[in-house]
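S.K.: Handing over entry_10.cif, mmCIF, C-alpha atoms.
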```
data_upload
loop_
_atom_site.label_atom_id
_atom_site.label_comp_id
_atom_site.auth_asym_id
_atom_site.auth_seq_id
_atom_site.Cartn_x
_atom_site.Cartn_y
_atom_site.Cartn_z
CA MET A 1 118.90 70.01 92.61
CA ASN A 2 117.97 70.26 88.92
CA ARG A 3 118.37 73.45 86.95
CA GLN A 4 114.65 74.22 86.99
CA LYS A 5 114.72 74.28 90.79
CA VAL A 6 117.79 76.51 90.63
CA GLY A 7 115.77 78.86 88.44
CA LEU A 8 112.91 78.97 90.98
CA TYR A 9 115.27 79.74 93.85
CA GLY A 10 117.04 82.26 91.64
CA VAL A 11 113.76 84.13 91.05
CA PHE A 12 113.22 84.64 94.77
CA LEU A 13 116.88 85.31 95.52
CA LEU A 14 116.71 88.11 92.95
CA MET A 15 113.50 89.36 94.55
CA PHE A 16 115.23 89.28 97.95
CA PHE A 17 118.12 91.49 96.83
CA TRP A 18 116.21 93.49 94.18
CA ASP A 19 116.36 96.89 95.91
CA ILE A 20 120.03 96.54 96.81
CA ILE A 21 120.97 95.57 93.25
CA ASP A 22 118.75 98.29 91.76
CA TYR A 23 120.32 100.90 94.02
CA SER A 24 123.89 99.74 93.28
CA ILE A 25 123.74 98.82 89.58
CA PRO A 26 120.44 99.85 87.95
CA ASN A 27 119.04 97.40 85.37
CA LEU A 28 121.38 94.59 86.42
CA MET A 29 118.26 92.74 87.66
CA TYR A 30 117.05 92.31 84.08
CA ALA A 31 120.38 90.83 82.99
CA ILE A 32 120.17 88.36 85.88
CA LEU A 33 116.65 87.37 84.80
CA VAL A 34 117.89 86.70 81.26
CA LEU A 35 120.75 84.62 82.68
CA LEU A 36 118.30 82.57 84.76
CA VAL A 37 116.18 81.87 81.68
CA VAL A 38 119.21 80.84 79.60
CA LEU A 39 120.71 78.60 82.30
CA CYS A 40 117.60 77.18 83.95
CA THR A 41 115.04 76.63 81.18
CA ASP A 42 114.96 74.81 77.87
CA ILE A 43 115.00 77.77 75.47
CA LYS A 44 113.55 75.70 72.62
CA LYS A 45 110.52 74.73 74.70
CA ASN A 46 109.84 78.15 76.21
CA LYS A 47 106.47 79.60 75.28
CA LEU A 48 105.07 83.05 74.61
CA ASN A 49 101.70 83.87 76.14
CA LYS A 50 99.55 84.93 73.17
CA SER A 51 97.18 87.05 75.26
CA PHE A 52 100.11 88.89 76.79
CA MET A 53 101.66 89.55 73.39
CA LEU A 54 98.32 90.89 72.10
CA VAL A 55 98.06 93.27 75.06
CA MET A 56 101.62 94.51 74.55
CA THR A 57 100.93 95.03 70.82
CA LEU A 58 97.95 97.24 71.66
CA ILE A 59 100.04 99.14 74.20
CA ILE A 60 102.76 99.71 71.60
CA LEU A 61 100.20 100.99 69.08
CA GLN A 62 98.79 103.41 71.66
CA GLY A 63 102.33 104.51 72.45
CA LEU A 64 103.15 105.12 68.78
CA ILE A 65 100.06 107.30 68.43
CA ASN A 66 101.23 109.32 71.43
CA ILE A 67 104.68 109.70 69.90
CA LEU A 68 103.02 111.32 66.89
CA ILE A 69 100.98 113.56 69.20
CA GLY A 70 104.04 114.54 71.21
CA ASN A 71 103.16 112.99 74.59
CA GLU A 72 105.52 110.02 74.35
CA SER A 73 109.09 109.39 73.22
CA ILE A 74 110.44 106.28 71.50
CA GLY A 75 113.00 105.81 74.28
CA LEU A 76 110.45 105.83 77.10
CA LEU A 77 108.13 103.52 75.18
CA PHE A 78 110.89 101.06 74.33
CA ASN A 79 112.28 100.96 77.87
CA GLN A 80 108.93 100.10 79.47
CA VAL A 81 107.83 97.62 76.81
CA PHE A 82 111.20 95.88 76.92
CA ALA A 83 111.32 95.65 80.74
CA ILE A 84 107.73 94.41 81.11
CA THR A 85 108.01 91.90 78.25
CA LEU A 86 111.33 90.54 79.46
CA CYS A 87 110.04 90.11 83.02
CA PHE A 88 106.80 88.44 81.97
CA ILE A 89 108.42 85.97 79.56
CA ALA A 90 111.17 85.16 82.06
CA TYR A 91 108.90 84.63 85.07
CA ASP A 92 106.26 82.78 83.04
CA ASN A 93 108.77 80.21 81.85
CA LEU A 94 110.77 79.94 85.06
CA LEU A 95 107.60 79.24 87.08
CA ALA A 96 106.00 76.94 84.48
CA PRO A 97 107.31 73.57 85.84
CA PHE A 98 106.08 74.22 89.39
CA SER A 99 102.77 74.11 91.22
CA PRO A 100 101.48 77.19 93.10
CA GLY A 101 102.28 75.41 96.36
CA GLU A 102 105.91 74.83 95.39
CA ILE A 103 106.30 78.43 94.26
CA MET A 104 104.71 79.95 97.35
CA SER A 105 106.68 77.68 99.67
CA VAL A 106 109.90 79.20 98.37
CA TYR A 107 108.35 82.68 98.56
CA TRP A 108 107.33 82.06 102.18
CA LYS A 109 110.92 81.27 103.18
CA THR A 110 112.14 84.35 101.31
CA ALA A 111 109.58 86.49 103.16
CA PHE A 112 110.54 84.92 106.49
CA TYR A 113 114.24 85.73 106.12
CA MET A 114 113.44 89.26 104.95
CA ALA A 115 111.23 89.71 108.02
CA LEU A 116 113.86 88.17 110.30
CA ILE A 117 116.43 90.73 109.17
CA GLY A 118 113.90 93.47 109.91
CA VAL A 119 113.20 92.14 113.40
CA PHE A 120 116.97 91.91 113.97
CA GLU A 121 117.21 95.59 113.04
CA ALA A 122 114.56 96.41 115.62
CA ALA A 123 116.51 94.53 118.29
CA LEU A 124 119.72 96.37 117.38
CA SER A 125 117.92 99.70 117.57
CA LEU A 126 117.18 99.07 121.23
CA LEU A 127 120.95 99.11 121.92
CA ASN A 128 121.07 102.72 120.74
CA ASP A 129 124.73 102.31 119.81
CA PRO A 130 125.97 104.81 117.15
CA ALA A 131 128.78 102.39 116.23
CA LEU A 132 126.22 100.02 114.75
CA ALA A 133 125.49 102.60 112.08
CA LYS A 134 128.98 101.93 110.69
CA LEU A 135 128.19 98.30 109.85
CA PRO A 136 128.34 97.42 106.14
CA ILE A 137 124.55 97.03 106.00
CA VAL A 138 122.66 100.29 106.48
CA PHE A 139 120.11 99.25 109.04
CA THR A 140 116.67 100.76 108.95
CA TYR A 141 116.82 102.56 112.27
CA THR A 142 119.74 104.71 111.12
CA THR A 143 117.39 106.27 108.55
CA TYR A 144 113.98 105.97 110.18
CA GLY A 145 113.92 107.12 113.80
CA GLY A 146 111.79 105.76 116.64
CA VAL A 147 108.10 105.79 115.77
CA VAL A 148 106.50 103.84 118.60
CA GLY A 149 108.65 104.19 121.67
CA PRO A 150 112.20 103.14 120.75
CA PHE A 151 111.17 101.07 117.72
CA PRO A 152 112.00 102.12 114.14
CA ARG A 153 110.05 101.71 110.92
CA LEU A 154 111.37 98.46 109.52
CA ALA A 155 112.53 98.22 105.93
CA SER A 156 114.93 95.26 106.16
CA LEU A 157 116.78 95.03 102.82
CA CYS A 158 114.03 96.92 101.00
CA HIS A 159 114.35 100.50 99.83
CA GLU A 160 111.80 101.83 102.32
CA PRO A 161 109.24 100.50 104.85
CA SER A 162 106.32 100.45 102.41
CA PHE A 163 108.38 98.23 100.08
CA LEU A 164 108.85 95.76 102.93
CA GLY A 165 105.07 95.85 103.33
CA TYR A 166 104.61 94.87 99.67
CA PHE A 167 107.22 92.15 100.02
CA LEU A 168 105.55 90.54 103.05
CA ALA A 169 101.85 91.13 102.27
CA PRO A 170 101.13 87.83 100.43
CA ALA A 171 102.83 85.88 103.23
CA VAL A 172 100.79 87.71 105.87
CA CYS A 173 97.62 86.85 103.93
CA LEU A 174 98.63 83.17 103.81
CA TYR A 175 99.29 83.20 107.56
CA LEU A 176 95.95 84.86 108.37
CA GLY A 177 94.18 82.66 105.84
CA LYS A 178 95.30 79.55 107.71
CA LYS A 179 93.61 80.99 110.82
CA ILE A 180 90.45 82.34 109.19
CA THR A 181 89.83 80.09 106.17
CA PRO A 182 91.78 76.85 106.82
CA GLU A 183 89.47 75.05 104.39
CA LEU A 184 90.99 77.12 101.55
CA ILE A 185 94.64 76.39 102.40
CA ASP A 186 96.72 74.22 100.06
CA ASP A 187 97.71 71.02 101.92
CA SER A 188 101.08 71.06 100.16
CA LEU A 189 101.92 74.42 101.77
CA THR A 190 103.51 72.78 104.80
CA VAL A 191 105.69 75.82 105.51
CA LEU A 192 102.63 77.37 107.16
CA ASN A 193 102.89 74.77 109.92
CA LYS A 194 105.84 76.67 111.41
CA GLU A 195 103.84 79.07 113.54
CA TRP A 196 106.83 81.10 114.72
CA GLU A 197 107.83 81.97 111.16
CA GLY A 198 104.36 83.39 110.55
CA ILE A 199 104.57 85.40 113.77
CA VAL A 200 107.94 86.88 112.75
CA ILE A 201 106.53 87.85 109.33
CA LEU A 202 103.46 89.45 110.91
CA ILE A 203 105.52 91.39 113.46
CA ALA A 204 107.86 92.75 110.78
CA TYR A 205 104.88 93.68 108.60
CA ILE A 206 103.21 95.60 111.42
CA MET A 207 106.47 97.31 112.34
CA THR A 208 106.80 98.88 108.92
CA PHE A 209 104.29 101.37 110.40
CA SER A 210 103.33 101.94 106.78
CA SER A 211 99.89 103.27 105.87
CA VAL A 212 99.81 101.16 102.69
CA ALA A 213 100.79 98.05 104.69
CA TYR A 214 97.91 98.68 107.08
CA PHE A 215 95.62 99.26 104.12
CA GLY A 216 96.77 95.88 102.81
CA LEU A 217 96.06 94.27 106.19
CA ALA A 218 92.49 95.59 106.13
CA ILE A 219 92.00 94.49 102.51
CA MET A 220 93.27 90.93 103.07
CA LEU A 221 91.04 90.54 106.13
CA LEU A 222 88.02 91.73 104.16
CA ILE A 223 88.83 89.41 101.22
CA LEU A 224 89.20 86.47 103.60
CA TRP A 225 85.97 87.57 105.29
CA TRP A 226 84.20 87.42 101.94
CA GLU A 227 85.62 83.99 101.13
CA LYS A 228 84.79 82.60 104.57
CA GLY A 229 81.11 82.09 103.86
CA PHE A 230 78.53 82.11 106.64
CA SER A 231 80.07 81.71 110.11
CA ILE A 232 80.62 83.61 113.34
CA LYS A 233 83.98 84.73 111.93
CA LYS A 234 82.09 86.48 109.15
CA VAL A 235 80.65 88.81 111.82
CA VAL A 236 83.81 89.14 113.89
CA ILE A 237 86.32 90.04 111.15
CA PRO A 238 84.85 93.47 110.18
CA ILE A 239 84.80 94.36 113.89
CA ILE A 240 88.45 93.31 114.19
CA VAL A 241 89.37 95.47 111.18
CA ILE A 242 87.70 98.53 112.73
CA VAL A 243 89.22 97.94 116.18
CA VAL A 244 92.73 97.33 114.78
CA TYR A 245 92.49 100.47 112.64
CA MET A 246 91.42 102.54 115.68
CA LEU A 247 94.26 101.16 117.79
CA ILE A 248 96.84 101.90 115.10
CA TYR A 249 95.41 105.34 114.37
CA ASN A 250 95.51 106.33 118.04
CA GLY A 251 98.74 104.54 118.91
CA VAL A 252 101.05 105.30 115.98
CA GLU A 253 101.59 109.03 115.56
CA ASP A 254 103.34 108.75 112.21
CA PHE A 255 100.40 106.79 110.77
CA ARG A 256 97.88 109.24 112.23
CA VAL A 257 99.74 112.24 110.78
CA ARG A 258 99.83 110.67 107.31
CA ILE A 259 96.12 109.87 107.38
CA ASN A 260 95.17 113.32 108.68
CA ASP A 261 97.46 115.19 106.28
CA THR A 262 96.27 113.19 103.27
CA TRP A 263 92.63 113.81 104.19
CA ASN A 264 93.26 117.51 104.80
CA ILE A 265 95.16 118.22 101.60
CA PHE A 266 92.63 116.39 99.41
CA ASN A 267 89.80 118.31 101.04
CA GLY A 268 91.52 121.71 100.84
CA ILE A 269 91.86 122.05 104.62
CA SER A 270 95.69 122.18 104.54
CA GLN A 271 98.13 123.81 102.14
CA ALA A 272 100.53 121.54 100.24
CA SER A 273 103.62 122.99 101.97
CA THR A 274 102.26 122.27 105.46
CA VAL A 275 101.69 118.51 105.17
CA ASN A 276 104.20 115.66 105.46
CA LEU A 277 106.26 114.71 102.42
CA SER A 278 104.45 111.41 101.84
CA SER A 279 101.02 113.06 101.72
CA PHE A 280 102.32 115.85 99.50
CA THR A 281 103.83 113.34 97.07
CA TYR A 282 100.60 111.39 96.87
CA TYR A 283 98.52 114.52 96.33
CA SER A 284 100.86 116.01 93.72
CA ASN A 285 100.84 112.79 91.71
CA TRP A 286 97.05 112.60 91.91
CA ASN A 287 96.97 116.15 90.58
CA VAL A 288 99.25 115.16 87.69
CA ALA A 289 97.12 112.09 86.90
CA TYR A 290 93.87 114.06 86.99
CA ILE A 291 95.09 116.88 84.74
CA ALA A 292 96.82 114.45 82.35
CA PHE A 293 93.61 112.42 82.11
CA ILE A 294 91.68 115.53 81.11
CA TYR A 295 94.47 116.64 78.76
CA THR A 296 94.53 113.30 76.87
CA LYS A 297 90.72 113.03 77.00
CA GLY A 298 91.00 109.66 78.71
CA PHE A 299 93.09 108.12 75.93
CA GLY A 300 96.30 108.06 77.96
CA SER A 301 99.71 109.50 77.15
CA GLY A 302 101.48 106.20 76.41
CA ILE A 303 103.28 103.70 78.61
CA GLY A 304 106.43 105.12 80.20
CA SER A 305 105.39 108.73 79.59
CA TYR A 306 104.32 109.55 83.14
CA GLN A 307 107.46 111.61 83.71
CA ASN A 308 106.56 113.80 80.72
CA MET A 309 103.13 114.47 82.23
CA PHE A 310 104.73 115.07 85.63
CA ASP A 311 107.10 117.67 84.18
CA ARG A 312 104.19 119.37 82.43
CA PHE A 313 101.56 119.35 85.20
CA ASN A 314 103.41 119.01 88.52
CA ILE A 315 102.14 121.53 91.11
CA GLY A 316 105.65 122.23 92.41
CA ASN A 317 108.08 121.00 95.02
CA TRP A 318 107.46 120.32 98.68
CA GLY A 319 108.65 123.29 100.70
CA LEU A 320 112.23 124.07 99.76
CA SER A 321 113.22 120.44 99.26
CA GLY A 322 113.65 120.62 95.49
CA LEU A 323 112.47 117.01 95.28
CA ASN A 324 110.37 115.64 92.43
CA LEU A 325 109.34 112.44 94.14
CA ASN A 326 107.92 109.56 92.09
CA ARG A 327 108.33 111.52 88.87
CA GLU A 328 108.74 108.29 86.90
CA ASP A 329 106.19 105.96 88.54
CA GLY A 330 103.42 108.22 89.86
CA ASN A 331 103.51 106.85 93.44
CA SER A 332 100.46 104.72 92.55
CA ALA A 333 99.67 102.18 89.85
CA PHE A 334 96.18 103.68 89.64
CA PHE A 335 97.55 107.18 88.97
CA ARG A 336 100.10 105.89 86.49
CA ILE A 337 97.73 103.62 84.56
CA LEU A 338 95.10 106.36 84.40
CA THR A 339 97.74 108.75 83.03
CA GLU A 340 99.54 106.45 80.62
CA LEU A 341 96.91 103.95 79.47
CA GLY A 342 93.72 105.93 80.04
CA VAL A 343 90.22 104.61 80.58
CA LEU A 344 90.64 101.50 78.46
CA GLY A 345 93.88 100.58 80.24
CA LEU A 346 92.30 100.97 83.66
CA MET A 347 89.24 98.94 82.61
CA ALA A 348 91.55 96.23 81.28
CA VAL A 349 93.37 96.01 84.61
CA ILE A 350 90.09 95.74 86.53
CA TYR A 351 88.88 93.08 84.09
CA PHE A 352 92.14 91.15 84.55
CA LEU A 353 91.86 91.21 88.35
CA VAL A 354 88.20 90.10 88.38
CA ARG A 355 88.37 87.64 85.47
CA ASN A 356 91.44 85.79 86.78
CA PHE A 357 90.53 85.71 90.47
CA ARG A 358 89.91 82.10 91.46
CA HIS A 359 86.19 82.14 92.15
CA GLN A 360 86.09 78.39 92.85
CA ARG A 361 86.51 77.83 96.58
CA ASP A 362 89.30 75.26 96.86
CA LYS A 363 92.89 74.95 98.04
CA TYR A 364 94.14 77.38 95.40
CA THR A 365 91.79 80.21 96.37
CA ILE A 366 94.09 81.48 99.12
CA TYR A 367 96.74 82.29 96.52
CA SER A 368 94.34 84.51 94.60
CA CYS A 369 93.41 86.26 97.86
CA ALA A 370 97.05 86.91 98.73
CA ILE A 371 98.03 88.19 95.27
CA LEU A 372 94.90 90.31 94.83
CA THR A 373 95.75 92.03 98.13
CA LEU A 374 99.18 92.88 96.77
CA PHE A 375 97.76 94.24 93.50
CA LEU A 376 95.29 96.46 95.37
CA MET A 377 98.20 97.80 97.44
CA PHE A 378 100.04 98.58 94.21
CA LEU A 379 97.03 100.46 92.88
CA LEU A 380 97.08 102.58 96.02
CA ARG A 381 100.79 103.28 96.47
CA GLN A 382 103.23 101.61 94.06
CA GLY A 383 103.61 102.69 90.46
CA ASN A 384 106.69 100.77 89.33
CA TYR A 385 105.46 98.08 86.92
CA THR A 386 108.47 95.77 87.29
CA HIS A 387 109.65 96.34 90.86
CA ALA A 388 110.91 93.20 92.65
CA GLY A 389 108.49 90.32 91.98
CA SER A 390 105.46 92.30 90.84
CA ILE A 391 105.23 90.71 87.38
CA MET A 392 106.14 87.33 88.86
CA PHE A 393 102.92 87.59 90.88
CA VAL A 394 101.01 88.49 87.70
CA CYS A 395 102.23 85.22 86.16
CA LEU A 396 101.33 83.31 89.32
CA TYR A 397 97.86 84.92 89.45
CA LEU A 398 97.22 83.64 85.92
CA LYS A 399 98.62 80.22 86.77
CA VAL A 400 96.38 79.87 89.83
CA SER A 401 93.27 80.86 87.85
CA LYS A 402 93.89 78.01 85.41
CA MET A 403 94.50 75.23 87.95
CA PRO A 404 91.89 72.43 87.82
CA GLN A 405 89.35 72.63 90.64
CA VAL A 406 89.94 70.42 93.67
CA GLN A 407 87.83 69.67 96.73
CA CYS A 408 88.15 71.93 99.75
CA SER A 409 89.78 70.73 102.93
CA GLU A 410 87.41 69.38 105.59
CA GLU A 411 88.79 71.77 108.25
#
```
Go ahead and render the structure in this file as C-alpha cells.

M.R.:
Amino acid sequence: MNRQKVGLYGVFLLMFFWDIIDYSIPNLMYAILVLLVVLCTDIKKNKLNKSFMLVMTLIILQGLINILIGNESIGLLFNQVFAITLCFIAYDNLLAPFSPGEIMSVYWKTAFYMALIGVFEAALSLLNDPALAKLPIVFTYTTYGGVVGPFPRLASLCHEPSFLGYFLAPAVCLYLGKKITPELIDDSLTVLNKEWEGIVILIAYIMTFSSVAYFGLAIMLLILWWEKGFSIKKVVIPIIVIVVYMLIYNGVEDFRVRINDTWNIFNGISQASTVNLSSFTYYSNWNVAYIAFIYTKGFGSGIGSYQNMFDRFNIGNWGLSGLNLNREDGNSAFFRILTELGVLGLMAVIYFLVRNFRHQRDKYTIYSCAILTLFLMFLLRQGNYTHAGSIMFVCLYLKVSKMPQVQCSEE
C-alpha cells in the first residue's frame, strides 16, 4: 500500500474516531490531519485552491470589520479561519489522487463498521445486563433508554444519535440510489453489491430515532425522485415518503414529541420551559440568530462569533438545567451562517450548493445527491463547520462537479 492510500484510509479512520478523540483530547484531530498531509502527500506538489483562498480572505476582512465594531474577537476569528483552512487544504490534497468511486468505497466501509457497532449495541441492550455498562466502551443504551420497545437510540462511536445520522446519511443515499436510480450509480462502486452491508447501515440509521436523520431520509428520497426522470417510481416515491413519515410519527414517541414540541414553541402554543430540551435548544438558537441578524443589519457578526451573540441574546436556560447548549455552533449551520456571515454568506452557501451540484445525469450524479443531502441536514441541525468529515465532503462535492461527463448505465 503506497503512502497516498495510507492517507486516504487515514482520513476515514480519523472520521471514524473523531468524536472519541475530540471528547478525550480536543484539537488533536487537527494535528493528526497535519501529520497525514506531511507523511502521505508530496508537500512540494500540494496545491492551494484559489477560489477557497479568495473566500477565506473575504471572510477574514468581514471578521476584521466586526472586531472594530466589537462583535468579534481576534481569537475567535483566528481559531475558525485556521481550523477551516487547515481542514480544507488537508482534505483537498489527501483526496486529490483518487476518483470519487475510490473515495466513497472507503467511506462505505467506514460507515458499515460504524453501523455494525451500533447494531451490536442494540443487541446488547436486549440483554438488559447492568454489568455491560462497565465495559470500556460506553454503549449507547446506557445513556439513551428504550425508545421503541426495548431498543435504544443508536449513536455507535458518535457523540449522540443525530451525529450517527450525519455519519451514515451519504451511505444510506448510495444504498437507496442503487434501488431507485441504478442508472446513476458508479460502476466502480462495487461495495454496493454487498446487500447485507447496506441493510445494516439502513437499520442503524433508522434506529438513531433522530428527527434530523428522518429529515435526511425524506430529503434524499425526494432528490433521488427528482433525478429519476419520468417513471412509475417518480409517482411512488412521494407516497412512500408520506407513508414512512406517518408510520414514524405515530410509532416513535420520542420523534413525535420532538416534532410536536418544536411546532408548538415556534407557534407560541407552548412555553419554552415546558418543551423537551432538543426543541428548546433549537428554538433558543433560532431566537439568537434572528435577533443577531437584525442587530447586525444582515452583515453578520464575523466567523466564530456566534458565542458572543449567544451570550448577548440568549433567551435563558431550559428549566433549572443551567445548560447553554450549542452556544458555540448554533445547533444549525443555517442559524450560524445567518448570524456570523449574514445575507451574503448565506447566499454564497446556496450558490455553492446549486452551482456545484452535478446537473449532468451520469455515474457521478449519485455522489452529488448523497453529499447534498448531508449538507441540507447540516443546515437544519449541525452548526460545527469542521466536525468529523464535513469539510472532506465539501472537497469531494467540488471534485465530483468537475469530473468529465460519462454515459449513464443502461440499467

S.K.: May I ask which of the residues A:Asn46, A:Ala292, A:Asp187, A:Leu157 is the closest one to A:Glu102, counting all atoms listed in the file?

M.R.: A:Asp187

S.K.: By how many Å are atom CA of A:Ile391 and atom CA of A:Val11 apart?

M.R.: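 Result for atom CA of A:Ile391 versus atom CA of A:Val11: 11.4 Å, one decimal.
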
S.K.: On this structure, the PyMOL selection byres ((chain A and resi 212) around 10) would catch which residues? List them as a PyMOL selection string, sorted by chain and number.

M.R.: chain A and resi 161-163+165-166+208-211+213-218+255+376-378+380-382

S.K.: Find the residues around A:Leu396 up to 9 Å (only C-alpha atoms counted), leave out those fewer than 2 positions away in its own chain, and share them as a CSV table (one decimal) with C-alpha atoms, in the frame of the given file.

M.R.:
```csv
chain,number,residue,atom,x,y,z
A,91,TYR,CA,108.9,84.6,85.1
A,92,ASP,CA,106.3,82.8,83.0
A,95,LEU,CA,107.6,79.2,87.1
A,100,PRO,CA,101.5,77.2,93.1
A,103,ILE,CA,106.3,78.4,94.3
A,367,TYR,CA,96.7,82.3,96.5
A,368,SER,CA,94.3,84.5,94.6
A,371,ILE,CA,98.0,88.2,95.3
A,391,ILE,CA,105.2,90.7,87.4
A,392,MET,CA,106.1,87.3,88.9
A,393,PHE,CA,102.9,87.6,90.9
A,394,VAL,CA,101.0,88.5,87.7
A,398,LEU,CA,97.2,83.6,85.9
A,399,LYS,CA,98.6,80.2,86.8
A,400,VAL,CA,96.4,79.9,89.8
A,401,SER,CA,93.3,80.9,87.8
```

S.K.: Enter the distance from atom CA of A:Met15 to atom CA of A:Ala348, in Å, rounded to one decimal.

M.R.: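 Going from atom CA of A:Met15 over to atom CA of A:Ala348, I get 26.6 Å.
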
S.K.: Calculate how many Å separate atom CA of A:Ile201 from atom CA of A:Phe120, rounding to one decimal.

M.R.: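 Going from atom CA of A:Ile201 over to atom CA of A:Phe120 covers 12.1 Å.
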